[in-house]
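Structure first, commentary second.
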Protein chains: 4
Amino acid sequence: MKSFTTQIRVRFGHVDPAGIAYYPRIFEYIHVVTEELWEQHVGVRYDHLIQERRLGFPLVSSNVDFRRPLRFGDRPIVRVTCFHLGRSSLGLRFVFEQEGETALEARMTTVCTDIEKLQSQPIPQAWRSKLEELLEPPSPTRAGAAIAR
Amino acid sequence: MKSFTTQIRVRFGHVDPAGIAYYPRIFEYIHVVTEELWEQHVGVRYDHLIQERRLGFPLVSSNVDFRRPLRFGDRPIVRVTCFHLGRSSLGLRFVFEQEGETALEARMTTVCTDIEKLQSQPIPQAWRSKLEELLEPPSPTRAGAAIAR
Amino acid sequence: MKSFTTQIRVRFGHVDPAGIAYYPRIFEYIHVVTEELWEQHVGVRYDHLIQERRLGFPLVSSNVDFRRPLRFGDRPIVRVTCFHLGRSSLGLRFVFEQEGETALEARMTTVCTDIEKLQSQPIPQAWRSKLEELLEPPSPTRAGAAIAR
Amino acid sequence: MKSFTTQIRVRFGHVDPAGIAYYPRIFEYIHVVTEELWEQHVGVRYDHLIQERRLGFPLVSSNVDFRRPLRFGDRPIVRVTCFHLGRSSLGLRFVFEQEGETALEARMTTVCTDIEKLQSQPIPQAWRSKLEELLEPPSPTRAGAAIAR
């Protein structure tokens, strides 16, 4: 299975007084990784997607399991795969790995939306082809996990 | 069922170019509401909890359904109940309502943790009593929903 | 001299690993205090100002002296006065006090701007009258300080 | 004059409803650029500086002139030079350029501080040598501007 991979830095201002990454920052990392995926993998800059194509991918649901905390100075690798690709809906799985261990796993479901009319739109075919490359194999366990959520 | 209720403001810097609240900000709202719950309902300031008691409640899992977007100027009411109260684990449900409609529902599961040793701790009894007041009735549907996640 | 006064909370996610408020958060506090000033003192909600009146006050210059750090749990009082009120330019001074001492002083100069045309606009008279109430007396030292910047 | 140069991206969550970068985000960019300068130019990771050396550089004063707004999708070049290098104080100038024009110029003065004792410390010699490479020539105008602040 192909995945999109990038790296994140847990910076000075991201860490809370308990010494670990403040969780709203983790959701910001997920957005940044998504922007990188659009530009580097799909081939469209996220600002063009919003400003030229007037399409957005607002979040419909978010399910995150936090396994071990991220700390100041950590530089986790983030691996993105696609667990669901509907006509207009897109489910991306983000696995953050630090020192070979999974720090967290997030499943983010979004819907391709015309941001003027606020109506769902089919995902344009050129983008869909690129997203299909990231599709997870239909494993019974994984699919089950996705459906349960 | 008793709930803790407070209000949030969707401010200038919280809104993205698509005109809706940027989702990492929504997780920041959830943290702010949690801090208010500790101070106003449980009766302990969150900074005392961390700095004096050396206890924290790091996030174990987060499940959020986004039903309608929050916009600049919105001032949603947030209602907090407790869907799970274990020996050291605490599951809080946050329902954001804007103009009488649910904008989003979040279930956040945390574990009471000694932030020096990073070991789970039983939730102190005085706090537990206050959290019990927010416990949801054991409805089959709701409980099922909580367990599935 | 009259001032607008409000209070800020240094929250969990605002503090860096050195234990003090991360300075980008302090600029966010200044924006939040400004939004409160517009609503509570001038009498116009900041979201209405932007969305209905299509006016904004983008920042032209910012000068801040940090005297003592703000820490997690601090709840500084912020006092706002007006050190400059031009035809379209507005200079606000923000003094943050914690335990009777000045933690920081910020002078923020903005320009009333039509956000469609991106052209400066005279500050509407009704707002100007309210801002005049916050004008600092023309002290030679203070004025000098303001001009030097 | 040598400078340290890096690039910043104005991302989705950084832009306000008026369509321009929300100014607290600009201060976050300045912190990120500073972290890059420490690692890439001085040769010490910022997390090591804080966590191993127990030194920090809290902000003493900040003076920023905003010349033209940064917009969603902009990728300004940031050039850093040193306008002041004292025994323990360090003044860095950050010039953000977008499409060949200066978007903003920030002068940030910090003090090398022992973060346990909260006492100023001489900047270690190895770091000072690297910072000296970024020193601006003693132009009368520039020096004057720095002193006036």
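By convention in this document, the chains of the structure tokens carry letters A, B, ... by their order, each chain's residues are numbered from 1, and ligands are numbered from 1 in the order they are shown.
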Selection: 12 Å around A:Arg54, only C-alpha atoms, excl. self and same-chain fewer than 2 positions, as number ranges by chain: A: 46-52, 56-57, 112-121; B: 17-19
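Backbone DSSP assigns strand (DSSP E) in stretch 19-77 of chain B to Leu55, Gly56, Leu59, Val60, Ser61, Ser62, Asn63, Val64, Asp65, Phe66 and Ile77 of chain B.
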Could you please take those selected residues and save all heavy atoms as a PDB file, in the first residue's frame?
ATOM      1  N   LEU B  55      -1.158  16.667  38.819  1.00  0.00           N
ATOM      2  CA  LEU B  55      -1.988  15.721  38.078  1.00  0.00           C
ATOM      3  C   LEU B  55      -2.392  16.358  36.754  1.00  0.00           C
ATOM      4  O   LEU B  55      -2.546  17.574  36.666  1.00  0.00           O
ATOM      5  CB  LEU B  55      -3.240  15.346  38.887  1.00  0.00           C
ATOM      6  CG  LEU B  55      -2.996  14.539  40.161  1.00  0.00           C
ATOM      7  CD1 LEU B  55      -4.289  14.392  40.948  1.00  0.00           C
ATOM      8  CD2 LEU B  55      -2.410  13.155  39.831  1.00  0.00           C
ATOM      9  N   GLY B  56      -2.542  15.532  35.748  1.00  0.00           N
ATOM     10  CA  GLY B  56      -3.037  16.006  34.470  1.00  0.00           C
ATOM     11  C   GLY B  56      -4.028  15.008  33.928  1.00  0.00           C
ATOM     12  O   GLY B  56      -4.195  13.909  34.483  1.00  0.00           O
ATOM     13  N   LEU B  59      -5.135  13.231  26.929  1.00  0.00           N
ATOM     14  CA  LEU B  59      -6.172  12.688  26.063  1.00  0.00           C
ATOM     15  C   LEU B  59      -5.778  11.291  25.567  1.00  0.00           C
ATOM     16  O   LEU B  59      -4.666  11.080  25.097  1.00  0.00           O
ATOM     17  CB  LEU B  59      -6.333  13.638  24.884  1.00  0.00           C
ATOM     18  CG  LEU B  59      -7.554  13.518  24.005  1.00  0.00           C
ATOM     19  CD1 LEU B  59      -8.841  13.682  24.799  1.00  0.00           C
ATOM     20  CD2 LEU B  59      -7.482  14.605  22.917  1.00  0.00           C
ATOM     21  N   VAL B  60      -6.713  10.366  25.660  1.00  0.00           N
ATOM     22  CA  VAL B  60      -6.500   9.005  25.171  1.00  0.00           C
ATOM     23  C   VAL B  60      -7.208   8.803  23.831  1.00  0.00           C
ATOM     24  O   VAL B  60      -6.669   8.203  22.913  1.00  0.00           O
ATOM     25  CB  VAL B  60      -7.004   7.985  26.216  1.00  0.00           C
ATOM     26  CG1 VAL B  60      -6.993   6.585  25.644  1.00  0.00           C
ATOM     27  CG2 VAL B  60      -6.147   8.067  27.473  1.00  0.00           C
ATOM     28  N   SER B  61      -8.425   9.308  23.752  1.00  0.00           N
ATOM     29  CA  SER B  61      -9.095   9.266  22.452  1.00  0.00           C
ATOM     30  C   SER B  61     -10.075  10.407  22.333  1.00  0.00           C
ATOM     31  O   SER B  61     -10.558  10.955  23.331  1.00  0.00           O
ATOM     32  CB  SER B  61      -9.801   7.926  22.229  1.00  0.00           C
ATOM     33  OG  SER B  61     -10.955   7.860  23.022  1.00  0.00           O
ATOM     34  N   SER B  62     -10.320  10.762  21.088  1.00  0.00           N
ATOM     35  CA  SER B  62     -11.178  11.895  20.763  1.00  0.00           C
ATOM     36  C   SER B  62     -12.029  11.501  19.576  1.00  0.00           C
ATOM     37  O   SER B  62     -11.499  11.026  18.560  1.00  0.00           O
ATOM     38  CB  SER B  62     -10.264  13.070  20.402  1.00  0.00           C
ATOM     39  OG  SER B  62     -10.918  13.972  19.551  1.00  0.00           O
ATOM     40  N   ASN B  63     -13.350  11.668  19.700  1.00  0.00           N
ATOM     41  CA  ASN B  63     -14.272  11.351  18.608  1.00  0.00           C
ATOM     42  C   ASN B  63     -15.238  12.504  18.454  1.00  0.00           C
ATOM     43  O   ASN B  63     -15.990  12.801  19.385  1.00  0.00           O
ATOM     44  CB  ASN B  63     -15.049  10.061  18.918  1.00  0.00           C
ATOM     45  CG  ASN B  63     -14.102   8.883  19.055  1.00  0.00           C
ATOM     46  OD1 ASN B  63     -13.634   8.333  18.078  1.00  0.00           O
ATOM     47  ND2 ASN B  63     -13.777   8.533  20.301  1.00  0.00           N
ATOM     48  N   VAL B  64     -15.206  13.120  17.300  1.00  0.00           N
ATOM     49  CA  VAL B  64     -16.008  14.322  17.097  1.00  0.00           C
ATOM     50  C   VAL B  64     -16.833  14.193  15.829  1.00  0.00           C
ATOM     51  O   VAL B  64     -16.318  13.782  14.786  1.00  0.00           O
ATOM     52  CB  VAL B  64     -15.115  15.584  17.008  1.00  0.00           C
ATOM     53  CG1 VAL B  64     -15.976  16.841  17.006  1.00  0.00           C
ATOM     54  CG2 VAL B  64     -14.113  15.623  18.152  1.00  0.00           C
ATOM     55  N   ASP B  65     -18.120  14.529  15.956  1.00  0.00           N
ATOM     56  CA  ASP B  65     -18.988  14.630  14.772  1.00  0.00           C
ATOM     57  C   ASP B  65     -19.312  16.104  14.558  1.00  0.00           C
ATOM     58  O   ASP B  65     -19.819  16.767  15.471  1.00  0.00           O
ATOM     59  CB  ASP B  65     -20.290  13.837  14.988  1.00  0.00           C
ATOM     60  CG  ASP B  65     -20.012  12.356  15.136  1.00  0.00           C
ATOM     61  OD1 ASP B  65     -19.220  11.820  14.328  1.00  0.00           O
ATOM     62  OD2 ASP B  65     -20.541  11.741  16.079  1.00  0.00           O
ATOM     63  N   PHE B  66     -19.009  16.556  13.359  1.00  0.00           N
ATOM     64  CA  PHE B  66     -19.261  17.951  13.007  1.00  0.00           C
ATOM     65  C   PHE B  66     -20.552  17.986  12.198  1.00  0.00           C
ATOM     66  O   PHE B  66     -20.620  17.420  11.115  1.00  0.00           O
ATOM     67  CB  PHE B  66     -18.089  18.511  12.194  1.00  0.00           C
ATOM     68  CG  PHE B  66     -16.776  18.516  12.940  1.00  0.00           C
ATOM     69  CD1 PHE B  66     -15.960  17.382  12.968  1.00  0.00           C
ATOM     70  CD2 PHE B  66     -16.361  19.641  13.636  1.00  0.00           C
ATOM     71  CE1 PHE B  66     -14.753  17.381  13.664  1.00  0.00           C
ATOM     72  CE2 PHE B  66     -15.153  19.644  14.336  1.00  0.00           C
ATOM     73  CZ  PHE B  66     -14.350  18.514  14.346  1.00  0.00           C
ATOM     74  N   ILE B  77     -23.456  27.713  22.798  1.00  0.00           N
ATOM     75  CA  ILE B  77     -23.555  27.181  24.150  1.00  0.00           C
ATOM     76  C   ILE B  77     -22.924  25.790  24.118  1.00  0.00           C
ATOM     77  O   ILE B  77     -23.185  25.017  23.198  1.00  0.00           O
ATOM     78  CB  ILE B  77     -25.045  27.056  24.552  1.00  0.00           C
ATOM     79  CG1 ILE B  77     -25.711  28.437  24.592  1.00  0.00           C
ATOM     80  CG2 ILE B  77     -25.208  26.311  25.875  1.00  0.00           C
ATOM     81  CD1 ILE B  77     -25.204  29.329  25.685  1.00  0.00           C
TER      82      ILE B  77
END
Shell of 7 Å around A:Leu92, only C-alpha atoms, local chain residues under 2 positions omitted, as a PyMOL selection string: chain A and resi 80-83+90+94+107-109
Chain C residues near chain B (12 Å cut-off, only C-alpha atoms) as an NGL selection string: :C and (9-15 or 19 or 25 or 27-36 or 39 or 44-52 or 56-57 or 71-75)
Write to file, as a compact mmCIF listing (two decimals), in the first residue's frame, the residues of the selection just made, with N, CA, C and O atoms.
# COMPACT_ATOMS: atom_id res chain seq x y z
N ARG C 9 -6.91 35.43 30.89
CA ARG C 9 -6.41 34.26 31.61
C ARG C 9 -5.28 33.60 30.84
O ARG C 9 -5.45 33.28 29.66
N VAL C 10 -4.18 33.38 31.51
CA VAL C 10 -3.08 32.63 30.90
C VAL C 10 -3.40 31.16 31.09
O VAL C 10 -3.28 30.60 32.18
N ARG C 11 -3.86 30.54 30.02
CA ARG C 11 -4.38 29.18 30.08
C ARG C 11 -3.30 28.15 29.78
O ARG C 11 -2.21 28.47 29.31
N PHE C 12 -3.69 26.89 29.99
CA PHE C 12 -2.82 25.72 29.81
C PHE C 12 -2.04 25.74 28.50
O PHE C 12 -0.82 25.56 28.48
N GLY C 13 -2.74 25.95 27.41
CA GLY C 13 -2.10 25.85 26.10
C GLY C 13 -1.31 27.09 25.71
O GLY C 13 -0.80 27.17 24.60
N HIS C 14 -1.21 28.06 26.61
CA HIS C 14 -0.57 29.33 26.26
C HIS C 14 0.87 29.42 26.75
O HIS C 14 1.55 30.40 26.49
N VAL C 15 1.30 28.41 27.50
CA VAL C 15 2.55 28.49 28.23
C VAL C 15 3.58 27.58 27.56
O VAL C 15 3.26 26.47 27.15
N GLY C 19 8.04 27.78 30.82
CA GLY C 19 7.09 28.06 31.90
C GLY C 19 6.41 29.40 31.83
O GLY C 19 5.68 29.78 32.74
N ARG C 25 1.04 34.18 21.85
CA ARG C 25 -0.22 34.18 22.61
C ARG C 25 -0.52 35.57 23.17
O ARG C 25 -1.68 35.96 23.30
N PHE C 27 0.11 38.37 21.77
CA PHE C 27 -0.49 39.16 20.70
C PHE C 27 -1.93 38.70 20.45
O PHE C 27 -2.78 39.50 20.08
N GLU C 28 -2.20 37.45 20.69
CA GLU C 28 -3.58 36.99 20.60
C GLU C 28 -4.43 37.61 21.73
O GLU C 28 -5.57 38.01 21.50
N TYR C 29 -3.86 37.69 22.94
CA TYR C 29 -4.59 38.38 24.03
C TYR C 29 -4.94 39.81 23.62
O TYR C 29 -6.03 40.31 23.88
N ILE C 30 -3.95 40.49 23.00
CA ILE C 30 -4.17 41.89 22.61
C ILE C 30 -5.31 41.97 21.60
O ILE C 30 -6.16 42.86 21.68
N HIS C 31 -5.39 41.00 20.69
CA HIS C 31 -6.51 41.02 19.74
C HIS C 31 -7.84 40.77 20.44
O HIS C 31 -8.84 41.44 20.17
N VAL C 32 -7.85 39.83 21.37
CA VAL C 32 -9.08 39.53 22.11
C VAL C 32 -9.53 40.76 22.92
O VAL C 32 -10.71 41.12 22.92
N VAL C 33 -8.58 41.42 23.57
CA VAL C 33 -8.92 42.63 24.34
C VAL C 33 -9.48 43.70 23.40
O VAL C 33 -10.46 44.38 23.73
N THR C 34 -8.91 43.83 22.21
CA THR C 34 -9.41 44.80 21.24
C THR C 34 -10.86 44.48 20.84
O THR C 34 -11.70 45.37 20.76
N GLU C 35 -11.13 43.18 20.62
CA GLU C 35 -12.51 42.79 20.28
C GLU C 35 -13.47 43.15 21.41
O GLU C 35 -14.59 43.62 21.18
N GLU C 36 -13.03 42.95 22.66
CA GLU C 36 -13.88 43.29 23.81
C GLU C 36 -14.09 44.80 23.90
O GLU C 36 -15.18 45.26 24.22
N GLU C 39 -16.73 45.87 21.43
CA GLU C 39 -18.09 45.49 21.81
C GLU C 39 -18.55 46.21 23.07
O GLU C 39 -19.65 46.78 23.10
N VAL C 44 -19.98 48.26 19.27
CA VAL C 44 -20.20 47.53 18.02
C VAL C 44 -19.46 46.20 18.11
O VAL C 44 -18.29 46.16 18.50
N ARG C 45 -20.16 45.12 17.83
CA ARG C 45 -19.50 43.83 17.84
C ARG C 45 -18.47 43.76 16.73
O ARG C 45 -18.74 44.20 15.61
N TYR C 46 -17.30 43.19 17.03
CA TYR C 46 -16.21 43.18 16.05
C TYR C 46 -16.60 42.39 14.81
O TYR C 46 -16.20 42.73 13.70
N ASP C 47 -17.40 41.35 14.97
CA ASP C 47 -17.84 40.60 13.78
C ASP C 47 -18.79 41.43 12.92
O ASP C 47 -18.79 41.30 11.70
N HIS C 48 -19.57 42.31 13.54
CA HIS C 48 -20.44 43.20 12.75
C HIS C 48 -19.60 44.23 12.01
O HIS C 48 -19.82 44.50 10.83
N LEU C 49 -18.62 44.79 12.72
CA LEU C 49 -17.70 45.77 12.12
C LEU C 49 -17.10 45.20 10.82
O LEU C 49 -17.08 45.86 9.79
N ILE C 50 -16.64 43.96 10.90
CA ILE C 50 -16.00 43.33 9.74
C ILE C 50 -17.04 42.91 8.70
O ILE C 50 -16.91 43.20 7.51
N GLN C 51 -18.08 42.23 9.16
CA GLN C 51 -18.98 41.57 8.22
C GLN C 51 -20.11 42.46 7.70
O GLN C 51 -20.55 42.31 6.57
N GLU C 52 -20.60 43.38 8.54
CA GLU C 52 -21.69 44.25 8.11
C GLU C 52 -21.13 45.57 7.55
O GLU C 52 -21.48 46.00 6.47
N GLY C 56 -12.15 47.18 8.67
CA GLY C 56 -11.21 46.48 9.53
C GLY C 56 -10.17 47.46 10.04
O GLY C 56 -10.12 48.61 9.59
N PHE C 57 -9.38 47.02 10.99
CA PHE C 57 -8.31 47.87 11.52
C PHE C 57 -6.99 47.10 11.46
O PHE C 57 -6.46 46.69 12.49
N ARG C 71 2.76 33.94 33.68
CA ARG C 71 2.89 32.51 33.93
C ARG C 71 1.51 31.82 33.88
O ARG C 71 0.49 32.47 34.01
N PHE C 72 1.55 30.51 33.73
CA PHE C 72 0.33 29.69 33.73
C PHE C 72 -0.49 29.99 34.99
O PHE C 72 0.02 29.94 36.10
N GLY C 73 -1.76 30.31 34.80
CA GLY C 73 -2.63 30.61 35.91
C GLY C 73 -2.75 32.09 36.22
O GLY C 73 -3.68 32.50 36.92
N ASP C 74 -1.83 32.91 35.68
CA ASP C 74 -1.95 34.37 35.88
C ASP C 74 -3.24 34.87 35.22
O ASP C 74 -3.70 34.31 34.21
N ARG C 75 -3.80 35.91 35.83
CA ARG C 75 -5.02 36.53 35.28
C ARG C 75 -4.84 38.04 35.25
O ARG C 75 -5.47 38.76 36.04
Test item, alpha helix (DSSP H) assignment across chain B, answer as a PyMOL selection string: chain B and resi 23-36+46-51+125-132+140-148
What would the file look like if the residues just selected were written as a compact mmCIF listing (two decimals), in the first residue's frame with N, CA, C and O atoms?
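The result, written out as again12.txt:
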# COMPACT_ATOMS: atom_id res chain seq x y z
N TYR B 23 -10.74 23.88 12.34
CA TYR B 23 -11.01 22.86 13.35
C TYR B 23 -10.02 22.74 14.49
O TYR B 23 -10.42 22.38 15.59
N PRO B 24 -8.73 23.05 14.30
CA PRO B 24 -7.88 23.03 15.51
C PRO B 24 -8.37 23.99 16.60
O PRO B 24 -8.19 23.73 17.79
N ARG B 25 -9.03 25.09 16.18
CA ARG B 25 -9.59 26.03 17.16
C ARG B 25 -10.71 25.37 17.96
O ARG B 25 -10.92 25.68 19.13
N ILE B 26 -11.46 24.49 17.31
CA ILE B 26 -12.56 23.83 18.03
C ILE B 26 -12.01 22.95 19.14
O ILE B 26 -12.57 22.89 20.23
N PHE B 27 -10.87 22.32 18.90
CA PHE B 27 -10.25 21.53 19.96
C PHE B 27 -9.69 22.44 21.05
O PHE B 27 -9.67 22.07 22.23
N GLU B 28 -9.30 23.63 20.67
CA GLU B 28 -8.88 24.59 21.70
C GLU B 28 -10.10 25.03 22.54
O GLU B 28 -9.99 25.15 23.76
N TYR B 29 -11.25 25.24 21.89
CA TYR B 29 -12.47 25.55 22.66
C TYR B 29 -12.75 24.44 23.67
O TYR B 29 -13.13 24.70 24.81
N ILE B 30 -12.62 23.19 23.22
CA ILE B 30 -12.92 22.05 24.10
C ILE B 30 -11.98 22.09 25.31
O ILE B 30 -12.40 21.84 26.44
N HIS B 31 -10.72 22.44 25.10
CA HIS B 31 -9.81 22.53 26.24
C HIS B 31 -10.20 23.66 27.18
O HIS B 31 -10.20 23.51 28.40
N VAL B 32 -10.56 24.79 26.61
CA VAL B 32 -10.97 25.93 27.44
C VAL B 32 -12.22 25.58 28.24
O VAL B 32 -12.30 25.88 29.45
N VAL B 33 -13.19 24.93 27.61
CA VAL B 33 -14.41 24.52 28.33
C VAL B 33 -14.05 23.55 29.46
O VAL B 33 -14.58 23.64 30.57
N THR B 34 -13.11 22.64 29.20
CA THR B 34 -12.66 21.71 30.23
C THR B 34 -12.05 22.46 31.42
O THR B 34 -12.33 22.15 32.59
N GLU B 35 -11.22 23.46 31.13
CA GLU B 35 -10.63 24.27 32.21
C GLU B 35 -11.72 24.96 33.03
O GLU B 35 -11.64 25.03 34.26
N GLU B 36 -12.76 25.46 32.36
CA GLU B 36 -13.87 26.12 33.06
C GLU B 36 -14.64 25.11 33.91
O GLU B 36 -15.05 25.42 35.02
N TYR B 46 -7.58 24.76 37.11
CA TYR B 46 -6.81 23.81 36.31
C TYR B 46 -5.31 24.03 36.51
O TYR B 46 -4.53 23.08 36.47
N ASP B 47 -4.90 25.26 36.72
CA ASP B 47 -3.47 25.51 36.93
C ASP B 47 -3.03 24.95 38.29
O ASP B 47 -1.88 24.51 38.43
N HIS B 48 -3.93 24.93 39.29
CA HIS B 48 -3.59 24.31 40.58
C HIS B 48 -3.48 22.79 40.42
O HIS B 48 -2.56 22.16 40.92
N LEU B 49 -4.46 22.23 39.70
CA LEU B 49 -4.45 20.79 39.43
C LEU B 49 -3.10 20.35 38.84
O LEU B 49 -2.51 19.37 39.29
N ILE B 50 -2.61 21.10 37.86
CA ILE B 50 -1.35 20.76 37.21
C ILE B 50 -0.16 21.11 38.10
O ILE B 50 0.74 20.29 38.30
N GLN B 51 -0.16 22.31 38.64
CA GLN B 51 1.06 22.83 39.28
C GLN B 51 1.18 22.45 40.75
O GLN B 51 2.29 22.26 41.24
N GLN B 125 -11.28 11.35 45.25
CA GLN B 125 -12.71 11.17 45.56
C GLN B 125 -13.50 12.47 45.51
O GLN B 125 -14.64 12.49 45.04
N ALA B 126 -12.92 13.55 45.98
CA ALA B 126 -13.66 14.82 46.02
C ALA B 126 -14.04 15.25 44.60
O ALA B 126 -15.14 15.77 44.37
N TRP B 127 -13.13 15.02 43.66
CA TRP B 127 -13.40 15.39 42.28
C TRP B 127 -14.41 14.42 41.66
O TRP B 127 -15.31 14.82 40.93
N ARG B 128 -14.22 13.13 41.98
CA ARG B 128 -15.12 12.11 41.45
C ARG B 128 -16.59 12.42 41.80
O ARG B 128 -17.48 12.28 40.94
N SER B 129 -16.82 12.84 43.03
CA SER B 129 -18.20 13.15 43.44
C SER B 129 -18.80 14.24 42.57
O SER B 129 -19.98 14.17 42.19
N LYS B 130 -18.01 15.23 42.27
CA LYS B 130 -18.52 16.31 41.42
C LYS B 130 -18.73 15.83 39.98
O LYS B 130 -19.72 16.21 39.33
N LEU B 131 -17.84 14.98 39.50
CA LEU B 131 -17.98 14.47 38.13
C LEU B 131 -19.18 13.54 38.02
O LEU B 131 -19.87 13.52 36.99
N GLU B 132 -19.47 12.78 39.10
CA GLU B 132 -20.64 11.88 39.10
C GLU B 132 -21.94 12.64 38.85
O GLU B 132 -22.88 12.10 38.27
N PRO B 140 -29.31 2.57 26.73
CA PRO B 140 -28.71 1.53 25.88
C PRO B 140 -28.08 2.14 24.62
O PRO B 140 -26.97 1.78 24.24
N THR B 141 -28.77 3.07 24.00
CA THR B 141 -28.25 3.65 22.76
C THR B 141 -26.95 4.41 23.01
O THR B 141 -25.94 4.18 22.38
N ARG B 142 -27.02 5.31 23.95
CA ARG B 142 -25.85 6.14 24.23
C ARG B 142 -24.67 5.31 24.69
O ARG B 142 -23.56 5.50 24.25
N ALA B 143 -24.96 4.37 25.63
CA ALA B 143 -23.87 3.53 26.13
C ALA B 143 -23.25 2.77 24.98
O ALA B 143 -22.04 2.72 24.83
N GLY B 144 -24.12 2.21 24.13
CA GLY B 144 -23.62 1.49 22.96
C GLY B 144 -22.73 2.37 22.10
O GLY B 144 -21.64 1.98 21.72
N ALA B 145 -23.21 3.56 21.86
CA ALA B 145 -22.42 4.50 21.05
C ALA B 145 -21.07 4.74 21.69
O ALA B 145 -20.04 4.75 21.02
N ALA B 146 -21.08 4.90 23.02
CA ALA B 146 -19.82 5.19 23.70
C ALA B 146 -18.87 3.99 23.61
O ALA B 146 -17.68 4.14 23.35
N ILE B 147 -19.43 2.78 23.79
CA ILE B 147 -18.58 1.59 23.77
C ILE B 147 -18.01 1.34 22.38
O ILE B 147 -16.82 1.05 22.24
N ALA B 148 -18.85 1.53 21.38
CA ALA B 148 -18.38 1.31 20.01
C ALA B 148 -17.13 2.13 19.71
O ALA B 148 -16.34 1.80 18.86
Point-to-point distance in Å for atom CA of C:Arg79 and atom CA of C:Gln98: 11.4 Å
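Candidate residues D:Ile123, D:Leu134, D:Val111, D:Leu70 were compared for distance to D:Leu37, and the nearest is D:Leu134, using only C-alpha atoms.
The space separating atom CA of A:Val78 from atom CA of A:Phe96 comes to 4.5 Å.
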